[in-house]
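Coordinates as given in coords26.cif (mmCIF, C-alpha atoms and all ligand atoms):
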data_protein
#
loop_
_atom_site.group_PDB
_atom_site.id
_atom_site.type_symbol
_atom_site.label_atom_id
_atom_site.label_comp_id
_atom_site.auth_asym_id
_atom_site.auth_seq_id
_atom_site.Cartn_x
_atom_site.Cartn_y
_atom_site.Cartn_z
ATOM 1 C CA MET A 1 9.551 18.532 4.462
ATOM 2 C CA ILE A 2 8.895 14.972 3.350
ATOM 3 C CA ARG A 3 11.081 13.680 0.587
ATOM 4 C CA LEU A 4 10.973 10.638 -1.614
ATOM 5 C CA LEU A 5 14.160 8.645 -2.074
ATOM 6 C CA PRO A 6 14.467 7.332 -5.627
ATOM 7 C CA ILE A 7 15.970 3.860 -5.959
ATOM 8 C CA THR A 8 17.842 3.606 -9.250
ATOM 9 C CA LYS A 9 20.886 1.591 -8.151
ATOM 10 C CA THR A 10 21.734 -0.892 -5.417
ATOM 11 C CA SER A 11 23.564 1.682 -3.310
ATOM 12 C CA ASP A 12 20.394 3.807 -3.111
ATOM 13 C CA ILE A 13 18.818 1.191 -0.825
ATOM 14 C CA PRO A 14 19.358 2.258 2.806
ATOM 15 C CA PRO A 15 21.310 -0.210 4.966
ATOM 16 C CA GLN A 16 18.360 -1.047 7.216
ATOM 17 C CA TYR A 17 16.558 -2.476 4.185
ATOM 18 C CA SER A 18 19.348 -3.756 1.942
ATOM 19 C CA ASP A 19 19.570 -7.286 3.365
ATOM 20 C CA THR A 20 15.844 -7.673 3.939
ATOM 21 C CA PRO A 21 12.957 -8.604 1.629
ATOM 22 C CA VAL A 22 12.205 -4.852 1.395
ATOM 23 C CA GLY A 23 15.553 -4.493 -0.383
ATOM 24 C CA GLY A 24 14.593 -7.502 -2.504
ATOM 25 C CA LEU A 25 11.329 -5.850 -3.499
ATOM 26 C CA LEU A 26 13.192 -2.691 -4.523
ATOM 27 C CA ARG A 27 15.778 -4.664 -6.516
ATOM 28 C CA TYR A 28 13.182 -6.779 -8.309
ATOM 29 C CA HIS A 29 10.783 -3.999 -9.136
ATOM 30 C CA ASN A 30 13.031 -0.992 -9.708
ATOM 31 C CA LEU A 31 16.341 -2.557 -10.708
ATOM 32 C CA HIS A 32 14.960 -5.579 -12.580
ATOM 33 C CA VAL A 33 17.334 -8.078 -11.014
ATOM 34 C CA THR A 34 16.783 -11.732 -11.932
ATOM 35 C CA HIS A 35 13.985 -13.336 -9.961
ATOM 36 C CA ASP A 36 15.061 -15.787 -7.283
ATOM 37 C CA GLN A 37 12.984 -18.843 -6.479
ATOM 38 C CA TYR A 38 10.931 -18.917 -3.307
ATOM 39 C CA GLN A 39 8.998 -21.622 -1.541
ATOM 40 C CA ASN A 40 7.513 -19.314 1.091
ATOM 41 C CA ALA A 41 6.409 -15.707 1.256
ATOM 42 C CA GLN A 42 9.149 -13.371 2.469
ATOM 43 C CA ILE A 43 7.146 -10.199 2.958
ATOM 44 C CA LEU A 44 3.657 -8.766 3.263
ATOM 45 C CA ILE A 45 2.935 -6.010 0.772
ATOM 46 C CA GLY A 46 0.068 -3.617 1.501
ATOM 47 C CA MET A 47 -0.811 -1.526 -1.526
ATOM 48 C CA CYS A 48 -3.691 0.354 -3.119
ATOM 49 C CA MET A 49 -6.226 -1.437 -5.300
ATOM 50 C CA ASP A 50 -5.564 1.141 -8.054
ATOM 51 C CA HIS A 51 -5.225 -0.471 -11.492
ATOM 52 C CA ARG A 52 -2.209 1.679 -12.400
ATOM 53 C CA ALA A 53 0.064 0.067 -9.815
ATOM 54 C CA HIS A 54 1.549 -3.345 -10.565
ATOM 55 C CA LEU A 55 4.683 -4.988 -9.179
ATOM 56 C CA ASN A 56 7.450 -6.964 -10.827
ATOM 57 C CA ILE A 57 8.212 -9.607 -8.181
ATOM 58 C CA PRO A 58 8.962 -13.351 -8.181
ATOM 59 C CA ASP A 59 6.360 -16.060 -7.697
ATOM 60 C CA ASN A 60 5.756 -16.930 -4.046
ATOM 61 C CA PHE A 61 7.652 -13.832 -2.865
ATOM 62 C CA ALA A 62 4.867 -11.940 -1.118
ATOM 63 C CA TYR A 63 1.496 -11.889 0.493
ATOM 64 C CA ILE A 64 -0.316 -8.906 -0.988
ATOM 65 C CA ILE A 65 -3.274 -7.077 0.533
ATOM 66 C CA ARG A 66 -4.744 -4.499 -1.823
ATOM 67 C CA THR A 67 -7.148 -1.929 -0.406
ATOM 68 C CA GLY A 68 -8.174 1.642 -1.174
ATOM 69 C CA GLY A 69 -5.157 3.811 -0.337
ATOM 70 C CA ALA A 70 -3.121 0.866 1.082
ATOM 71 C CA ASN A 71 -5.162 1.332 4.234
ATOM 72 C CA LEU A 72 -4.671 -1.788 6.387
ATOM 73 C CA ARG A 73 -6.755 -0.605 9.343
ATOM 74 C CA TYR A 74 -9.633 -2.851 8.302
ATOM 75 C CA SER A 75 -7.464 -5.781 7.205
ATOM 76 C CA GLU A 76 -5.777 -6.480 10.507
ATOM 77 C CA PHE A 77 -6.716 -10.144 10.739
ATOM 78 C CA LYS A 78 -5.074 -10.749 7.360
ATOM 79 C CA VAL A 79 -1.954 -8.847 8.439
ATOM 80 C CA SER A 80 -1.834 -10.963 11.589
ATOM 81 C CA TYR A 81 -2.266 -14.126 9.537
ATOM 82 C CA ALA A 82 0.652 -13.285 7.237
ATOM 83 C CA ILE A 83 2.845 -12.671 10.283
ATOM 84 C CA ALA A 84 1.661 -15.452 12.584
ATOM 85 C CA VAL A 85 1.053 -18.258 10.121
ATOM 86 C CA GLY A 86 2.944 -17.048 7.054
ATOM 87 C CA GLN A 87 5.905 -16.051 9.251
ATOM 88 C CA VAL A 88 6.764 -12.892 7.347
ATOM 89 C CA LYS A 89 8.856 -10.414 9.337
ATOM 90 C CA HIS A 90 8.639 -7.457 6.976
ATOM 91 C CA ILE A 91 5.843 -5.270 5.653
ATOM 92 C CA ALA A 92 6.150 -2.961 2.657
ATOM 93 C CA LEU A 93 3.380 -0.373 2.717
ATOM 94 C CA ILE A 94 3.016 1.178 -0.717
ATOM 95 C CA GLY A 95 0.986 4.302 -1.369
ATOM 96 C CA HIS A 96 0.840 6.028 -4.735
ATOM 97 C CA ASN A 97 0.321 9.482 -6.128
ATOM 98 C CA ASN A 98 -3.081 10.602 -7.458
ATOM 99 C CA CYS A 99 -4.844 8.156 -5.151
ATOM 100 C CA GLY A 100 -8.634 8.035 -5.398
ATOM 101 C CA MET A 101 -8.941 7.785 -1.603
ATOM 102 C CA VAL A 102 -7.693 11.379 -1.272
ATOM 103 C CA ASN A 103 -10.484 13.952 -1.104
ATOM 104 C CA LEU A 104 -13.295 11.439 -1.496
ATOM 105 C CA TYR A 105 -15.876 14.151 -0.975
ATOM 106 C CA ALA A 106 -14.939 15.662 -4.325
ATOM 107 C CA ARG A 107 -16.232 12.427 -5.887
ATOM 108 C CA LYS A 108 -19.359 12.140 -3.787
ATOM 109 C CA GLU A 109 -21.806 12.835 -6.606
ATOM 110 C CA SER A 110 -20.072 10.569 -9.107
ATOM 111 C CA PHE A 111 -19.935 7.813 -6.461
ATOM 112 C CA ILE A 112 -23.642 8.100 -5.644
ATOM 113 C CA GLY A 113 -24.709 8.603 -9.263
ATOM 114 C CA GLY A 114 -22.563 5.644 -10.327
ATOM 115 C CA LEU A 115 -24.164 3.319 -7.793
ATOM 116 C CA ILE A 116 -27.607 4.417 -8.943
ATOM 117 C CA ASN A 117 -26.901 4.145 -12.666
ATOM 118 C CA GLU A 118 -24.383 1.312 -12.823
ATOM 119 C CA ALA A 119 -25.438 -0.907 -9.950
ATOM 120 C CA GLY A 120 -29.168 -0.237 -9.612
ATOM 121 C CA TRP A 121 -29.104 1.260 -6.105
ATOM 122 C CA ASP A 122 -31.666 3.758 -4.973
ATOM 123 C CA ARG A 123 -30.466 7.219 -4.062
ATOM 124 C CA TYR A 124 -31.147 7.015 -0.359
ATOM 125 C CA LEU A 125 -29.074 3.852 0.103
ATOM 126 C CA ALA A 126 -26.284 5.151 -2.134
ATOM 127 C CA GLU A 127 -26.041 8.384 -0.157
ATOM 128 C CA GLU A 128 -26.106 6.573 3.156
ATOM 129 C CA HIS A 129 -23.421 4.167 1.933
ATOM 130 C CA PHE A 130 -21.139 7.007 0.888
ATOM 131 C CA MET A 131 -21.678 9.050 4.040
ATOM 132 C CA HIS A 132 -21.080 6.040 6.280
ATOM 133 C CA PHE A 133 -17.897 4.778 4.638
ATOM 134 C CA ALA A 134 -16.185 7.822 3.126
ATOM 135 C CA PRO A 135 -14.856 9.062 6.501
ATOM 136 C CA LEU A 136 -13.411 5.594 7.206
ATOM 137 C CA PHE A 137 -11.606 5.302 3.887
ATOM 138 C CA GLU A 138 -10.526 8.903 3.304
ATOM 139 C CA ILE A 139 -6.723 9.104 3.610
ATOM 140 C CA GLY A 140 -6.200 12.854 3.344
ATOM 141 C CA ASN A 141 -2.744 12.877 1.785
ATOM 142 C CA GLU A 142 -0.936 9.879 0.339
ATOM 143 C CA ILE A 143 2.502 10.331 1.916
ATOM 144 C CA ASP A 144 1.261 11.476 5.329
ATOM 145 C CA PHE A 145 -1.155 8.570 5.407
ATOM 146 C CA ILE A 146 1.494 5.965 4.594
ATOM 147 C CA LEU A 147 3.771 7.363 7.295
ATOM 148 C CA SER A 148 1.036 7.343 9.912
ATOM 149 C CA GLU A 149 -0.110 3.875 8.880
ATOM 150 C CA ALA A 150 3.493 2.599 9.041
ATOM 151 C CA GLY A 151 3.765 4.085 12.525
ATOM 152 C CA ARG A 152 0.544 2.407 13.597
ATOM 153 C CA LEU A 153 1.698 -0.979 12.261
ATOM 154 C CA ARG A 154 5.067 -0.646 14.056
ATOM 155 C CA LEU A 155 3.272 -0.122 17.349
ATOM 156 C CA ARG A 156 0.874 -2.959 16.688
ATOM 157 C CA TYR A 157 3.548 -5.434 15.530
ATOM 158 C CA PRO A 158 6.746 -4.284 17.279
ATOM 159 C CA LYS A 159 8.985 -7.110 16.028
ATOM 160 C CA ILE A 160 8.079 -6.529 12.385
ATOM 161 C CA GLN A 161 9.993 -4.190 10.065
ATOM 162 C CA VAL A 162 7.627 -1.794 8.271
ATOM 163 C CA ALA A 163 8.861 0.179 5.256
ATOM 164 C CA PRO A 164 6.869 3.168 3.916
ATOM 165 C CA LEU A 165 7.013 3.471 0.126
ATOM 166 C CA MET A 166 5.385 5.429 -2.658
ATOM 167 C CA TYR A 167 4.644 4.194 -6.160
ATOM 168 C CA LEU A 168 4.750 6.943 -8.765
ATOM 169 C CA VAL A 169 2.254 5.994 -11.447
ATOM 170 C CA GLU A 170 3.897 7.978 -14.275
ATOM 171 C CA GLU A 171 7.092 5.974 -14.026
ATOM 172 C CA ASN A 172 5.889 2.749 -12.389
ATOM 173 C CA ARG A 173 8.700 2.958 -9.850
ATOM 174 C CA LEU A 174 8.895 2.595 -6.104
ATOM 175 C CA HIS A 175 10.373 5.332 -3.926
ATOM 176 C CA LEU A 176 11.150 5.083 -0.251
ATOM 177 C CA ILE A 177 9.623 7.791 1.919
ATOM 178 C CA ASP A 178 12.483 9.506 3.711
ATOM 179 C CA GLU A 179 11.771 9.377 7.444
ATOM 180 C CA ARG A 180 14.874 11.248 8.631
HETATM 181 ZN ZN ZN K 1 -5.001 4.594 -4.602
#

Show the structure stored in the file as structure tokens.
Ligand SMILES: [Zn+2]
Amino acid sequence: MIRLLPITKTSDIPPQYSDTPVGGLLRYHNLHVTHDQYQNAQILIGMCMDHRAHLNIPDNFAYIIRTGGANLRYSEFKVSYAIAVGQVKHIALIGHNNCGMVNLYARKESFIGGLINEAGWDRYLAEEHFMHFAPLFEIGNEIDFILSEAGRLRLRYPKIQVAPLMYLVEENRLHLIDER
């Protein structure tokens, strides 16, 4: 059974993260510690594009890639750039509850109808667009997806620390996904 670890005090941060920028992210966002000053990015944050998620972090602290569902499979060049050129050694992968990339097929008609009505597409192209891309961007389940994506990134970038997190939109707080 997958559990979320709430972070409400410093001692809630597991030792493998406490002295890393992942611990910094948790302290800044959840514990509201005073922002330090940074000249260079310390971490790459991958998170969903959803408007309900927003982070309280210092200037210059992080590269941030926002995608549907925090899916970085199609952003690999940017991940590589942050690591190779930006020299970050840590990735925080942040999913959230009630993500729109879960069960995309339930929104098929509103997606197609919206493209027709709001963007001026014709139905054939809108349907083809949905059917082509929905399987690529569907994430199935938020927590399972973040764990599998974290596993994929660890294999791809073996010297980089990857932390799987969940953002709960009702409380605007980060939780670590318990991997034990
Ligand atoms: Zn989302």

Residues matched by the PyMOL selection byres (((not hetatm)) within 9 of (chain K and resi 1)) as a PDB file with C-alpha atoms, keeping the file's coordinate frame:
ATOM      1  CA  MET A  47      -0.811  -1.526  -1.526  1.00  0.00           C
ATOM      2  CA  CYS A  48      -3.691   0.354  -3.119  1.00  0.00           C
ATOM      3  CA  MET A  49      -6.226  -1.437  -5.300  1.00  0.00           C
ATOM      4  CA  ASP A  50      -5.564   1.141  -8.054  1.00  0.00           C
ATOM      5  CA  HIS A  51      -5.225  -0.471 -11.492  1.00  0.00           C
ATOM      6  CA  ARG A  52      -2.209   1.679 -12.400  1.00  0.00           C
ATOM      7  CA  ALA A  53       0.064   0.067  -9.815  1.00  0.00           C
ATOM      8  CA  THR A  67      -7.148  -1.929  -0.406  1.00  0.00           C
ATOM      9  CA  GLY A  68      -8.174   1.642  -1.174  1.00  0.00           C
ATOM     10  CA  GLY A  69      -5.157   3.811  -0.337  1.00  0.00           C
ATOM     11  CA  ALA A  70      -3.121   0.866   1.082  1.00  0.00           C
ATOM     12  CA  GLY A  95       0.986   4.302  -1.369  1.00  0.00           C
ATOM     13  CA  HIS A  96       0.840   6.028  -4.735  1.00  0.00           C
ATOM     14  CA  ASN A  97       0.321   9.482  -6.128  1.00  0.00           C
ATOM     15  CA  ASN A  98      -3.081  10.602  -7.458  1.00  0.00           C
ATOM     16  CA  CYS A  99      -4.844   8.156  -5.151  1.00  0.00           C
ATOM     17  CA  GLY A 100      -8.634   8.035  -5.398  1.00  0.00           C
ATOM     18  CA  MET A 101      -8.941   7.785  -1.603  1.00  0.00           C
ATOM     19  CA  VAL A 102      -7.693  11.379  -1.272  1.00  0.00           C
ATOM     20  CA  GLU A 142      -0.936   9.879   0.339  1.00  0.00           C
TER      21      GLU A 142
END

Residues within 8 Å of Ile112 of chain A, please, as a list in words. Count all atoms listed in the file; anything in the same chain fewer than 2 positions from it doesn't count.
Lys108, Glu109, Ser110, Gly114, Leu115, Ile116, Arg123, Ala126, Glu127 and Phe130 of chain A

Using all atoms listed in the file, pick whichever of A:Gly46, A:Pro135, A:Gly151, A:Pro58 has the shortest atom-to-atom distance to Gly24 of chain A.
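Checking each candidate against Gly24 of chain A, we get A:Pro58 as the closest.
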
Nearby residues, (2.9, 0.9, -0.8) file frame, 12 Å, all atoms listed in the file, as a PyMOL selection string:
chain A and resi 22+25-26+44-50+53-55+64-72+91-97+99+142-143+145-147+149-150+162-169+173-177

Quick one: residues within 7 Å of Pro21 of chain A, only C-alpha atoms counted, chain neighbours fewer than 2 positions away excluded, as a list in words?
Asp19, Gly23, Gly24, Leu25, Gln42, Ile43 and His90 of chain A

A:Leu4, A:Ile13, A:Ala41, A:Leu136: which is nearest Asp178 of chain A, counting all atoms listed in the file?
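Using all atoms listed in the file, the shortest distance to Asp178 of chain A belongs to A:Leu4.
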
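Among the candidates A:Ile7, A:Ile83, A:Ile57, A:Ala134, the residue lying nearest to Ile160 of chain A is A:Ile83 (atoms considered: all atoms listed in the file).
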
Which is closest to Ala82 of chain A among A:Asn103, A:Thr34, A:His129, A:Asn40, if we use all atoms listed in the file?
A:Asn40

Between atom CA of Pro158 of chain A and atom CA of Asp144 of chain A - distance in Å to one decimal
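So the answer is 20.5 Å.
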
From A:Gly140, A:Pro14, A:Glu179, A:Gln39, residue lying nearest Leu104 of chain A [all atoms listed in the file]:
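Smallest distance to Leu104 of chain A is found for A:Gly140.
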
Between A:Asn60, A:Thr8, A:Ser80, A:Gln161, which residue has the minimum interatomic distance to Asn30 of chain A, considering all atoms listed in the file?
A:Thr8

To one decimal place, how far is atom CA of Arg154 of chain A from atom CA of Glu138 of chain A in Å?
21.2 Å

For atom CA of Leu31 of chain A and atom CA of Thr10 of chain A, determine how far apart the two atoms are, in Å to one decimal place.
7.7 Å
